[in-house]
>>> print(open('structure14.json').read())   # JSON, C-alpha atoms and all ligand atoms
[["chain", "number", "residue", "atom", "x", "y", "z"],
["H", 1, "MET", "CA", 0.00, 0.00, 0.00],
["H", 2, "ARG", "CA", 1.49, 3.32, -1.03],
["H", 3, "PRO", "CA", 0.29, 6.48, 0.74],
["H", 4, "LEU", "CA", -2.33, 8.43, -1.16],
["H", 5, "PRO", "CA", -1.21, 11.75, -2.58],
["H", 6, "ASN", "CA", -2.64, 15.01, -1.30],
["H", 7, "TRP", "CA", -5.90, 15.72, -3.17],
["H", 8, "PRO", "CA", -7.02, 19.33, -2.85],
["H", 9, "TYR", "CA", -9.78, 18.97, -5.45],
["H", 10, "PRO", "CA", -13.57, 19.03, -5.15],
["H", 11, "PHE", "CA", -15.48, 15.81, -5.77],
["H", 12, "TRP", "CA", -17.75, 17.11, -8.56],
["H", 13, "ILE", "CA", -16.15, 18.19, -11.83],
["H", 14, "ALA", "CA", -18.18, 19.87, -14.57],
["H", 15, "HIS", "CA", -17.27, 18.32, -17.95],
["H", 16, "ARG", "CA", -16.09, 20.78, -20.63],
["H", 17, "GLY", "CA", -17.18, 23.55, -18.27],
["H", 18, "GLY", "CA", -20.94, 23.43, -18.51],
["H", 19, "GLY", "CA", -21.66, 19.83, -19.47],
["H", 20, "ARG", "CA", -24.91, 19.63, -21.42],
["H", 21, "LEU", "CA", -26.12, 23.07, -20.35],
["H", 22, "ALA", "CA", -23.79, 25.37, -22.31],
["H", 23, "PRO", "CA", -21.50, 25.29, -25.33],
["H", 24, "GLU", "CA", -18.47, 23.21, -24.33],
["H", 25, "ASN", "CA", -15.11, 24.77, -23.58],
["H", 26, "THR", "CA", -16.32, 28.39, -23.51],
["H", 27, "LEU", "CA", -16.47, 31.14, -20.91],
["H", 28, "ALA", "CA", -20.27, 30.76, -20.92],
["H", 29, "ALA", "CA", -19.75, 27.14, -19.87],
["H", 30, "MET", "CA", -17.57, 28.24, -16.94],
["H", 31, "ARG", "CA", -20.24, 30.77, -15.90],
["H", 32, "THR", "CA", -22.81, 27.97, -15.96],
["H", 33, "ALA", "CA", -20.63, 25.81, -13.71],
["H", 34, "ALA", "CA", -20.22, 28.71, -11.28],
["H", 35, "ARG", "CA", -23.96, 29.42, -11.25],
["H", 36, "LEU", "CA", -24.69, 25.78, -10.38],
["H", 37, "ASP", "CA", -22.14, 25.79, -7.52],
["H", 38, "TYR", "CA", -19.55, 23.62, -9.20],
["H", 39, "CYS", "CA", -16.13, 24.22, -7.64],
["H", 40, "MET", "CA", -14.19, 22.36, -10.34],
["H", 41, "VAL", "CA", -14.32, 22.13, -14.12],
["H", 42, "GLU", "CA", -12.66, 19.97, -16.75],
["H", 43, "PHE", "CA", -11.88, 21.42, -20.18],
["H", 44, "ASP", "CA", -9.80, 20.60, -23.26],
["H", 45, "ALA", "CA", -6.74, 22.64, -24.24],
["H", 46, "LYS", "CA", -4.74, 22.67, -27.46],
["H", 47, "LEU", "CA", -2.68, 25.03, -29.63],
["H", 48, "SER", "CA", -3.59, 27.36, -32.47],
["H", 49, "ARG", "CA", -1.17, 27.34, -35.41],
["H", 50, "ASP", "CA", 0.72, 30.24, -33.83],
["H", 51, "ASN", "CA", 0.94, 28.47, -30.46],
["H", 52, "HIS", "CA", -1.74, 30.21, -28.42],
["H", 53, "VAL", "CA", -3.35, 27.89, -25.87],
["H", 54, "ILE", "CA", -7.07, 27.69, -26.67],
["H", 55, "LEU", "CA", -9.99, 25.58, -25.47],
["H", 56, "LEU", "CA", -11.28, 23.11, -28.06],
["H", 57, "HIS", "CA", -12.16, 19.44, -27.94],
["H", 58, "ASP", "CA", -11.91, 18.28, -31.55],
["H", 59, "ASP", "CA", -8.95, 18.39, -33.95],
["H", 60, "THR", "CA", -11.03, 20.54, -36.30],
["H", 61, "LEU", "CA", -13.23, 23.55, -35.71],
["H", 62, "ALA", "CA", -16.12, 22.08, -37.69],
["H", 63, "ARG", "CA", -18.49, 20.74, -35.05],
["H", 64, "THR", "CA", -18.42, 23.71, -32.67],
["H", 65, "THR", "CA", -17.82, 26.66, -35.03],
["H", 66, "GLY", "CA", -18.83, 25.48, -38.52],
["H", 67, "ASP", "CA", -15.33, 26.21, -39.88],
["H", 68, "ALA", "CA", -13.99, 23.00, -41.43],
["H", 69, "ARG", "CA", -10.30, 23.72, -40.85],
["H", 70, "PRO", "CA", -8.09, 21.84, -38.37],
["H", 71, "ALA", "CA", -7.28, 24.07, -35.39],
["H", 72, "ALA", "CA", -3.58, 23.44, -36.00],
["H", 73, "GLN", "CA", -3.86, 25.34, -39.31],
["H", 74, "VAL", "CA", -5.51, 28.50, -37.96],
["H", 75, "ASP", "CA", -3.81, 31.43, -36.22],
["H", 76, "TYR", "CA", -5.40, 32.76, -33.06],
["H", 77, "LEU", "CA", -6.53, 36.11, -34.52],
["H", 78, "ASP", "CA", -8.43, 34.19, -37.19],
["H", 79, "LEU", "CA", -9.84, 31.77, -34.58],
["H", 80, "ALA", "CA", -10.98, 34.69, -32.46],
["H", 81, "ARG", "CA", -13.50, 35.69, -35.14],
["H", 82, "LEU", "CA", -15.35, 32.35, -35.00],
["H", 83, "ASP", "CA", -18.61, 31.70, -33.16],
["H", 84, "ALA", "CA", -18.33, 28.73, -30.76],
["H", 85, "GLY", "CA", -21.77, 29.20, -29.20],
["H", 86, "ALA", "CA", -24.41, 29.35, -31.96],
["H", 87, "TRP", "CA", -24.15, 25.62, -32.77],
["H", 88, "PHE", "CA", -25.38, 24.91, -29.25],
["H", 89, "ALA", "CA", -28.22, 27.42, -28.96],
["H", 90, "SER", "CA", -29.02, 30.86, -30.36],
["H", 91, "GLU", "CA", -28.78, 32.46, -26.90],
["H", 92, "PHE", "CA", -25.04, 31.63, -26.94],
["H", 93, "ALA", "CA", -24.36, 33.10, -30.40],
["H", 94, "GLY", "CA", -21.15, 35.09, -30.54],
["H", 95, "GLU", "CA", -19.42, 33.11, -27.80],
["H", 96, "PRO", "CA", -15.75, 32.96, -28.84],
["H", 97, "VAL", "CA", -13.21, 30.14, -28.78],
["H", 98, "PRO", "CA", -11.45, 31.18, -25.57],
["H", 99, "LEU", "CA", -7.81, 31.47, -24.67],
["H", 100, "LEU", "CA", -6.72, 29.48, -21.62],
["H", 101, "GLU", "CA", -5.83, 32.85, -20.13],
["H", 102, "TRP", "CA", -9.48, 34.03, -20.00],
["H", 103, "ILE", "CA", -10.62, 30.76, -18.49],
["H", 104, "ALA", "CA", -7.87, 30.81, -15.86],
["H", 105, "ARG", "CA", -8.73, 34.38, -14.85],
["H", 106, "HIS", "CA", -12.46, 33.63, -14.64],
["H", 107, "ASN", "CA", -12.03, 30.43, -12.66],
["H", 108, "LEU", "CA", -9.39, 31.82, -10.31],
["H", 109, "ALA", "CA", -11.63, 34.83, -9.58],
["H", 110, "ASN", "CA", -14.56, 32.51, -8.83],
["H", 111, "GLY", "CA", -12.69, 29.93, -6.75],
["H", 112, "ILE", "CA", -13.17, 27.19, -9.35],
["H", 113, "ALA", "CA", -10.46, 24.52, -9.52],
["H", 114, "CYS", "CA", -9.40, 23.36, -12.98],
["H", 115, "ASN", "CA", -8.63, 20.06, -14.65],
["H", 116, "ILE", "CA", -6.88, 21.02, -17.87],
["H", 117, "GLU", "CA", -7.08, 18.12, -20.29],
["H", 118, "ILE", "CA", -4.18, 18.49, -22.71],
["H", 119, "LYS", "CA", -5.73, 17.46, -26.02],
["H", 120, "PRO", "CA", -3.02, 17.84, -28.67],
["H", 121, "CYS", "CA", -3.71, 18.07, -32.36],
["H", 122, "PRO", "CA", -2.14, 15.12, -34.21],
["H", 123, "ASP", "CA", 1.68, 15.18, -34.10],
["H", 124, "ARG", "CA", 1.75, 18.16, -31.70],
["H", 125, "GLU", "CA", 1.87, 16.16, -28.45],
["H", 126, "THR", "CA", 5.17, 17.39, -27.09],
["H", 127, "GLU", "CA", 4.83, 21.06, -27.98],
["H", 128, "THR", "CA", 1.26, 21.11, -26.66],
["H", 129, "GLY", "CA", 2.29, 19.53, -23.35],
["H", 130, "THR", "CA", 5.14, 22.01, -22.99],
["H", 131, "LEU", "CA", 3.17, 25.13, -23.87],
["H", 132, "VAL", "CA", 0.03, 24.26, -21.90],
["H", 133, "ALA", "CA", 2.15, 23.53, -18.82],
["H", 134, "ARG", "CA", 4.15, 26.74, -19.28],
["H", 135, "GLU", "CA", 1.00, 28.82, -19.63],
["H", 136, "ALA", "CA", -0.68, 27.11, -16.66],
["H", 137, "LEU", "CA", 2.36, 27.79, -14.50],
["H", 138, "ARG", "CA", 2.34, 31.46, -15.52],
["H", 139, "LEU", "CA", -1.41, 31.97, -15.09],
["H", 140, "TRP", "CA", -1.86, 30.20, -11.75],
["H", 141, "ASP", "CA", 1.43, 31.60, -10.43],
["H", 142, "GLY", "CA", 1.37, 29.51, -7.24],
["H", 143, "ALA", "CA", -2.40, 29.84, -6.62],
["H", 144, "THR", "CA", -4.00, 26.85, -4.93],
["H", 145, "PRO", "CA", -5.17, 24.37, -5.82],
["H", 146, "PRO", "CA", -2.93, 24.15, -8.86],
["H", 147, "PRO", "CA", -4.53, 23.11, -12.13],
["H", 148, "LEU", "CA", -4.54, 19.34, -12.54],
["H", 149, "LEU", "CA", -3.09, 18.47, -15.96],
["H", 150, "SER", "CA", -4.48, 15.32, -17.56],
["H", 151, "SER", "CA", -4.08, 13.70, -20.96],
["H", 152, "PHE", "CA", -4.56, 10.53, -22.96],
["H", 153, "ALA", "CA", -1.35, 11.57, -24.75],
["H", 154, "GLU", "CA", 1.53, 10.35, -22.62],
["H", 155, "ALA", "CA", 4.07, 12.31, -24.66],
["H", 156, "ALA", "CA", 2.14, 15.47, -23.73],
["H", 157, "LEU", "CA", 2.19, 14.56, -20.03],
["H", 158, "GLU", "CA", 5.90, 13.80, -20.27],
["H", 159, "ALA", "CA", 6.53, 17.23, -21.78],
["H", 160, "ALA", "CA", 4.32, 18.88, -19.15],
["H", 161, "ARG", "CA", 6.30, 17.17, -16.40],
["H", 162, "ALA", "CA", 9.57, 18.41, -17.87],
["H", 163, "GLU", "CA", 8.25, 21.97, -18.23],
["H", 164, "ALA", "CA", 6.33, 22.28, -14.95],
["H", 165, "PRO", "CA", 7.21, 19.42, -12.60],
["H", 166, "THR", "CA", 5.32, 21.05, -9.73],
["H", 167, "LEU", "CA", 1.97, 20.91, -11.52],
["H", 168, "PRO", "CA", 0.10, 17.67, -10.70],
["H", 169, "ARG", "CA", -0.67, 15.23, -13.50],
["H", 170, "ALA", "CA", -3.33, 12.61, -14.13],
["H", 171, "LEU", "CA", -3.24, 9.81, -16.69],
["H", 172, "LEU", "CA", -6.45, 9.66, -18.72],
["H", 173, "LEU", "CA", -7.48, 6.17, -19.77],
["H", 174, "GLU", "CA", -10.33, 4.71, -21.83],
["H", 175, "ASN", "CA", -9.72, 1.33, -20.21],
["H", 176, "LEU", "CA", -7.23, -0.16, -17.79],
["H", 177, "PRO", "CA", -4.23, -1.60, -19.67],
["H", 178, "ALA", "CA", -2.13, -4.26, -17.88],
["H", 179, "ASP", "CA", 0.74, -1.79, -17.36],
["H", 180, "TRP", "CA", -1.32, 1.14, -15.99],
["H", 181, "ARG", "CA", 0.69, 1.29, -12.76],
["H", 182, "LEU", "CA", 3.96, 1.53, -14.67],
["H", 183, "ARG", "CA", 2.63, 4.20, -17.03],
["H", 184, "ALA", "CA", 1.32, 6.35, -14.19],
["H", 185, "ALA", "CA", 4.51, 5.89, -12.17],
["H", 186, "ARG", "CA", 6.75, 6.80, -15.11],
["H", 187, "LEU", "CA", 4.91, 10.10, -15.51],
["H", 188, "GLU", "CA", 4.72, 10.66, -11.73],
["H", 189, "CYS", "CA", 0.95, 11.05, -11.91],
["H", 190, "ILE", "CA", -1.17, 11.54, -8.81],
["H", 191, "ALA", "CA", -4.37, 10.17, -10.36],
["H", 192, "ILE", "CA", -5.93, 7.88, -12.94],
["H", 193, "HIS", "CA", -8.92, 9.38, -14.78],
["H", 194, "LEU", "CA", -10.78, 6.36, -16.09],
["H", 195, "ASP", "CA", -13.93, 5.78, -18.14],
["H", 196, "ALA", "CA", -16.49, 5.10, -15.40],
["H", 197, "GLN", "CA", -17.64, 1.82, -16.93],
["H", 198, "TRP", "CA", -14.39, 0.20, -15.76],
["H", 199, "LEU", "CA", -14.52, 1.44, -12.19],
["H", 200, "ASP", "CA", -15.86, -0.64, -9.33],
["H", 201, "ALA", "CA", -14.92, -1.13, -5.68],
["H", 202, "ARG", "CA", -12.03, -3.48, -6.53],
["H", 203, "VAL", "CA", -10.52, -1.31, -9.28],
["H", 204, "ILE", "CA", -10.76, 1.80, -7.12],
["H", 205, "ALA", "CA", -9.07, -0.07, -4.26],
["H", 206, "ASP", "CA", -6.31, -1.21, -6.68],
["H", 207, "ILE", "CA", -5.77, 2.37, -7.88],
["H", 208, "HIS", "CA", -5.60, 3.58, -4.28],
["H", 209, "ALA", "CA", -3.22, 0.75, -3.33],
["H", 210, "ALA", "CA", -0.91, 1.97, -6.11],
["H", 211, "GLY", "CA", -0.79, 5.38, -4.40],
["H", 212, "LEU", "CA", -3.06, 7.07, -6.93],
["H", 213, "ARG", "CA", -6.39, 8.87, -6.80],
["H", 214, "ALA", "CA", -9.26, 7.67, -8.99],
["H", 215, "VAL", "CA", -11.50, 9.99, -11.02],
["H", 216, "ALA", "CA", -14.46, 8.73, -13.07],
["H", 217, "TRP", "CA", -15.57, 10.19, -16.39],
["H", 218, "THR", "CA", -18.20, 10.87, -17.63],
["H", 219, "VAL", "CA", -21.03, 10.04, -15.21],
["H", 220, "ASN", "CA", -24.50, 11.38, -15.91],
["H", 221, "ASP", "CA", -26.60, 8.95, -13.90],
["H", 222, "PRO", "CA", -27.01, 9.95, -10.22],
["H", 223, "GLU", "CA", -27.40, 6.28, -9.22],
["H", 224, "GLN", "CA", -24.05, 5.38, -10.83],
["H", 225, "ALA", "CA", -22.50, 8.42, -9.14],
["H", 226, "ARG", "CA", -23.77, 7.24, -5.76],
["H", 227, "ALA", "CA", -22.26, 3.78, -6.32],
["H", 228, "LEU", "CA", -18.91, 5.27, -7.34],
["H", 229, "ALA", "CA", -18.94, 7.49, -4.24],
["H", 230, "ARG", "CA", -19.67, 4.45, -2.05],
["H", 231, "TRP", "CA", -16.71, 2.65, -3.62],
["H", 232, "GLY", "CA", -14.43, 5.53, -2.69],
["H", 233, "VAL", "CA", -13.87, 7.32, -5.99],
["H", 234, "ASP", "CA", -12.10, 10.68, -5.52],
["H", 235, "GLY", "CA", -13.86, 12.67, -8.21],
["H", 236, "ILE", "CA", -16.64, 12.50, -10.78],
["H", 237, "VAL", "CA", -16.70, 14.30, -14.11],
["H", 238, "THR", "CA", -20.27, 14.97, -15.23],
["H", 239, "ASP", "CA", -22.28, 16.51, -18.04],
["H", 240, "ALA", "CA", -25.43, 16.37, -15.93],
["H", 241, "LEU", "CA", -24.68, 19.47, -13.91],
["H", 242, "ASP", "CA", -28.33, 19.89, -13.06],
["H", 243, "SER", "CA", -28.88, 16.30, -11.89],
["H", 244, "MET", "CA", -26.10, 15.80, -9.36],
["H", 245, "ALA", "CA", -26.40, 16.69, -5.68],
["H", 246, "VAL", "CA", -23.38, 18.96, -5.81],
["H", 247, "GLN", "CA", -24.14, 21.02, -2.71],
["H", 248, "GLN", "CA", -24.37, 17.93, -0.50],
["H", 249, "ALA", "CA", -20.99, 16.54, -1.60],
["H", 301, "LIG", "O1", -11.29, 14.34, -19.04],
["H", 301, "LIG", "C1", -12.34, 13.45, -19.15],
["H", 301, "LIG", "C2", -13.00, 13.51, -20.50],
["H", 301, "LIG", "O2", -13.14, 14.85, -20.89],
["H", 301, "LIG", "C3", -12.24, 12.76, -21.55],
["H", 301, "LIG", "O3", -12.94, 12.65, -22.75],
["H", 301, "LIG", "O4", -13.41, 13.25, -25.07],
["H", 301, "LIG", "O5", -14.68, 14.37, -23.24],
["H", 301, "LIG", "O6", -12.30, 14.92, -23.61],
["H", 301, "LIG", "P1", -13.35, 13.86, -23.71],
["H", 302, "MG", "MG", -11.95, 16.35, -21.98]]
>>> encode(input="structure14.json", output="structure tokens", more="lines below")
Ligand code: G3P
Ligand code: MG
Amino acid sequence: MRPLPNWPYPFWIAHRGGGRLAPENTLAAMRTAARLDYCMVEFDAKLSRDNHVILLHDDTLARTTGDARPAAQVDYLDLARLDAGAWFASEFAGEPVPLLEWIARHNLANGIACNIEIKPCPDRETETGTLVAREALRLWDGATPPPLLSSFAEAALEAARAEAPTLPRALLLENLPADWRLRAARLECIAIHLDAQWLDARVIADIHAAGLRAVAWTVNDPEQARALARWGVDGIVTDALDSMAVQQA
């Protein structure tokens, strides 16, 4: 049994900022999380062509802005003209693709902890890990809790560790490969963020025994959330911001 790492993070984590209630990865999403008393948000960060750290889930801008280009081929000033809210609902029209800087300032001012998922465009893993970590270090500037950096891309986490070793890291996994302990240890992660379908009491106990915290994504059923809480999970990422008993947690 290894000791569990310090875990200064709230239990409930709003997925992509506002889950299903606001356009993902926007300032409006962060405002929604704040309004519903969420004290932590998860969002996806990647680079524009000219290396600005922006929030965007997909490799291309198509789904959330209607512009078919890959984000990696667009400079920030060009990106800044796009509408990342209208696809979701007309009331959000004009919502921009945000810089990490805006999101950090908003969430720091509102006491909202952040899980920055490093989501590199193809073949940009290392530079994205480096630049997201560098920007996170600059923006949080020692504020607590520090942003938790997670990624499916281990090369990005490796680069983040090299750039900002003091920022905590979490290994994101779609399932539990046989060598998960080794992978997490190599990157000096403090947590495993695992697809909730693979988490049960035994798996959570195994993760804890390895000296790691366990976070479940993405849980939208309150009954499943209650079971995960009973089994000792350390955090739950949810889209169902309006269905979870956040204030009681
Ligand atoms: O960080 C958990 C979750 O966001 C991972 O999946 O595709 O929603 O970024 P995705
Ligand atoms: Mg994500």
>>> axis_aligned_box(input="structure14.json", around="ligand LIG 301 (chain H)", padding_each_side="4 Å", output="AutoDock Vina command-line options")
--center_x -13.0 --center_y 13.8 --center_z -22.1 --size_x 11.4 --size_y 10.3 --size_z 14.0
>>> closest_residue(input="structure14.json", among="H:Val219, H:Ala104, H:Cys39, H:Cys121", to="H:Ala72", atoms="all atoms listed in the file")
H:Cys121
>>> closest_atom_pairs(input="structure14.json", of="chain H", to="ligand LIG 301 (chain H)", cutoff="7 Å", atoms="all atoms listed in the file", output="JSON lines")
{"residue": "H:His15", "atom": "CA", "partner": "H:LIG301", "partner_atom": "O2", "distance": 6.1}
{"residue": "H:Arg16", "atom": "CA", "partner": "H:LIG301", "partner_atom": "O2", "distance": 6.6}
{"residue": "H:Glu42", "atom": "CA", "partner": "H:LIG301", "partner_atom": "O1", "distance": 6.2}
{"residue": "H:Phe43", "atom": "CA", "partner": "H:LIG301", "partner_atom": "O2", "distance": 6.7}
{"residue": "H:Asp44", "atom": "CA", "partner": "H:LIG301", "partner_atom": "O6", "distance": 6.2}
{"residue": "H:His57", "atom": "CA", "partner": "H:LIG301", "partner_atom": "O6", "distance": 6.3}
{"residue": "H:Glu117", "atom": "CA", "partner": "H:LIG301", "partner_atom": "O1", "distance": 5.8}
{"residue": "H:Leu172", "atom": "CA", "partner": "H:LIG301", "partner_atom": "O1", "distance": 6.7}
{"residue": "H:His193", "atom": "CA", "partner": "H:LIG301", "partner_atom": "C1", "distance": 6.9}
{"residue": "H:Trp217", "atom": "CA", "partner": "H:LIG301", "partner_atom": "C1", "distance": 5.4}
{"residue": "H:Thr218", "atom": "CA", "partner": "H:LIG301", "partner_atom": "C2", "distance": 6.5}
{"residue": "H:Val237", "atom": "CA", "partner": "H:LIG301", "partner_atom": "C1", "distance": 6.7}
>>> closest_atom_pairs(input="structure14.json", of="stretch 76-106 of chain H", to="stretch 18-23 of chain H", cutoff="12 Å", atoms="all atoms listed in the file", output="JSON lines")
{"residue": "H:Asp83", "atom": "CA", "partner": "H:Pro23", "partner_atom": "CA", "distance": 10.5}
{"residue": "H:Ala84", "atom": "CA", "partner": "H:Pro23", "partner_atom": "CA", "distance": 7.2}
{"residue": "H:Gly85", "atom": "CA", "partner": "H:Pro23", "partner_atom": "CA", "distance": 5.5}
{"residue": "H:Ala86", "atom": "CA", "partner": "H:Pro23", "partner_atom": "CA", "distance": 8.3}
{"residue": "H:Trp87", "atom": "CA", "partner": "H:Pro23", "partner_atom": "CA", "distance": 7.9}
{"residue": "H:Phe88", "atom": "CA", "partner": "H:Pro23", "partner_atom": "CA", "distance": 5.5}
{"residue": "H:Ala89", "atom": "CA", "partner": "H:Pro23", "partner_atom": "CA", "distance": 7.9}
{"residue": "H:Ser90", "atom": "CA", "partner": "H:Pro23", "partner_atom": "CA", "distance": 10.6}
{"residue": "H:Glu91", "atom": "CA", "partner": "H:Ala22", "partner_atom": "CA", "distance": 9.8}
{"residue": "H:Phe92", "atom": "CA", "partner": "H:Pro23", "partner_atom": "CA", "distance": 7.4}
{"residue": "H:Ala93", "atom": "CA", "partner": "H:Pro23", "partner_atom": "CA", "distance": 9.7}
{"residue": "H:Gly94", "atom": "CA", "partner": "H:Pro23", "partner_atom": "CA", "distance": 11.1}
{"residue": "H:Glu95", "atom": "CA", "partner": "H:Pro23", "partner_atom": "CA", "distance": 8.5}
{"residue": "H:Pro96", "atom": "CA", "partner": "H:Pro23", "partner_atom": "CA", "distance": 10.2}
{"residue": "H:Val97", "atom": "CA", "partner": "H:Pro23", "partner_atom": "CA", "distance": 10.2}
{"residue": "H:Pro98", "atom": "CA", "partner": "H:Pro23", "partner_atom": "CA", "distance": 11.7}
>>> write_last_selection(input="structure14.json", atoms="C-alpha atoms", output="JSON list (two decimals), keeping the file's coordinate frame")
[["chain", "number", "residue", "atom", "x", "y", "z"],
["H", 83, "ASP", "CA", -18.61, 31.70, -33.16],
["H", 84, "ALA", "CA", -18.33, 28.73, -30.76],
["H", 85, "GLY", "CA", -21.77, 29.20, -29.20],
["H", 86, "ALA", "CA", -24.41, 29.35, -31.96],
["H", 87, "TRP", "CA", -24.15, 25.62, -32.77],
["H", 88, "PHE", "CA", -25.38, 24.91, -29.25],
["H", 89, "ALA", "CA", -28.22, 27.42, -28.96],
["H", 90, "SER", "CA", -29.02, 30.86, -30.36],
["H", 91, "GLU", "CA", -28.78, 32.46, -26.90],
["H", 92, "PHE", "CA", -25.04, 31.63, -26.94],
["H", 93, "ALA", "CA", -24.36, 33.10, -30.40],
["H", 94, "GLY", "CA", -21.15, 35.09, -30.54],
["H", 95, "GLU", "CA", -19.42, 33.11, -27.80],
["H", 96, "PRO", "CA", -15.75, 32.96, -28.84],
["H", 97, "VAL", "CA", -13.21, 30.14, -28.78],
["H", 98, "PRO", "CA", -11.45, 31.18, -25.57]]
>>> closest_residue(input="structure14.json", among="H:Leu99, H:Ile207, H:Ala28, H:Ala34", to="H:Val246", atoms="all atoms listed in the file")
H:Ala34
>>> atom_distance(input="structure14.json", atom1="atom CA of H:Ala113", atom2="atom CA of H:Pro147")
6.6 Å
>>> closest_residue(input="structure14.json", among="H:Gly66, H:Gly111, H:Pro120, H:Pro10", to="ligand MG 302 (chain H)", atoms="all atoms listed in the file")
H:Pro120
>>> residues_near_point(input="structure14.json", point="(10.9, 8.6, -11.7)", cutoff="12 Å", atoms="all atoms listed in the file", output="count of residues only")
12
>>> residues_around(input="structure14.json", residues="H:Ser150", least_positions_apart="4", cutoff="8 Å", atoms="all atoms listed in the file", output="PyMOL selection string")
chain H and resi 115-118+157+169-172+193
>>> atom_distance(input="structure14.json", atom1="atom CA of H:Cys114", atom2="atom CA of H:Leu176")
24.1 Å
>>> atom_distance(input="structure14.json", atom1="atom CA of H:Ala33", atom2="atom CA of H:Ala160")
26.5 Å
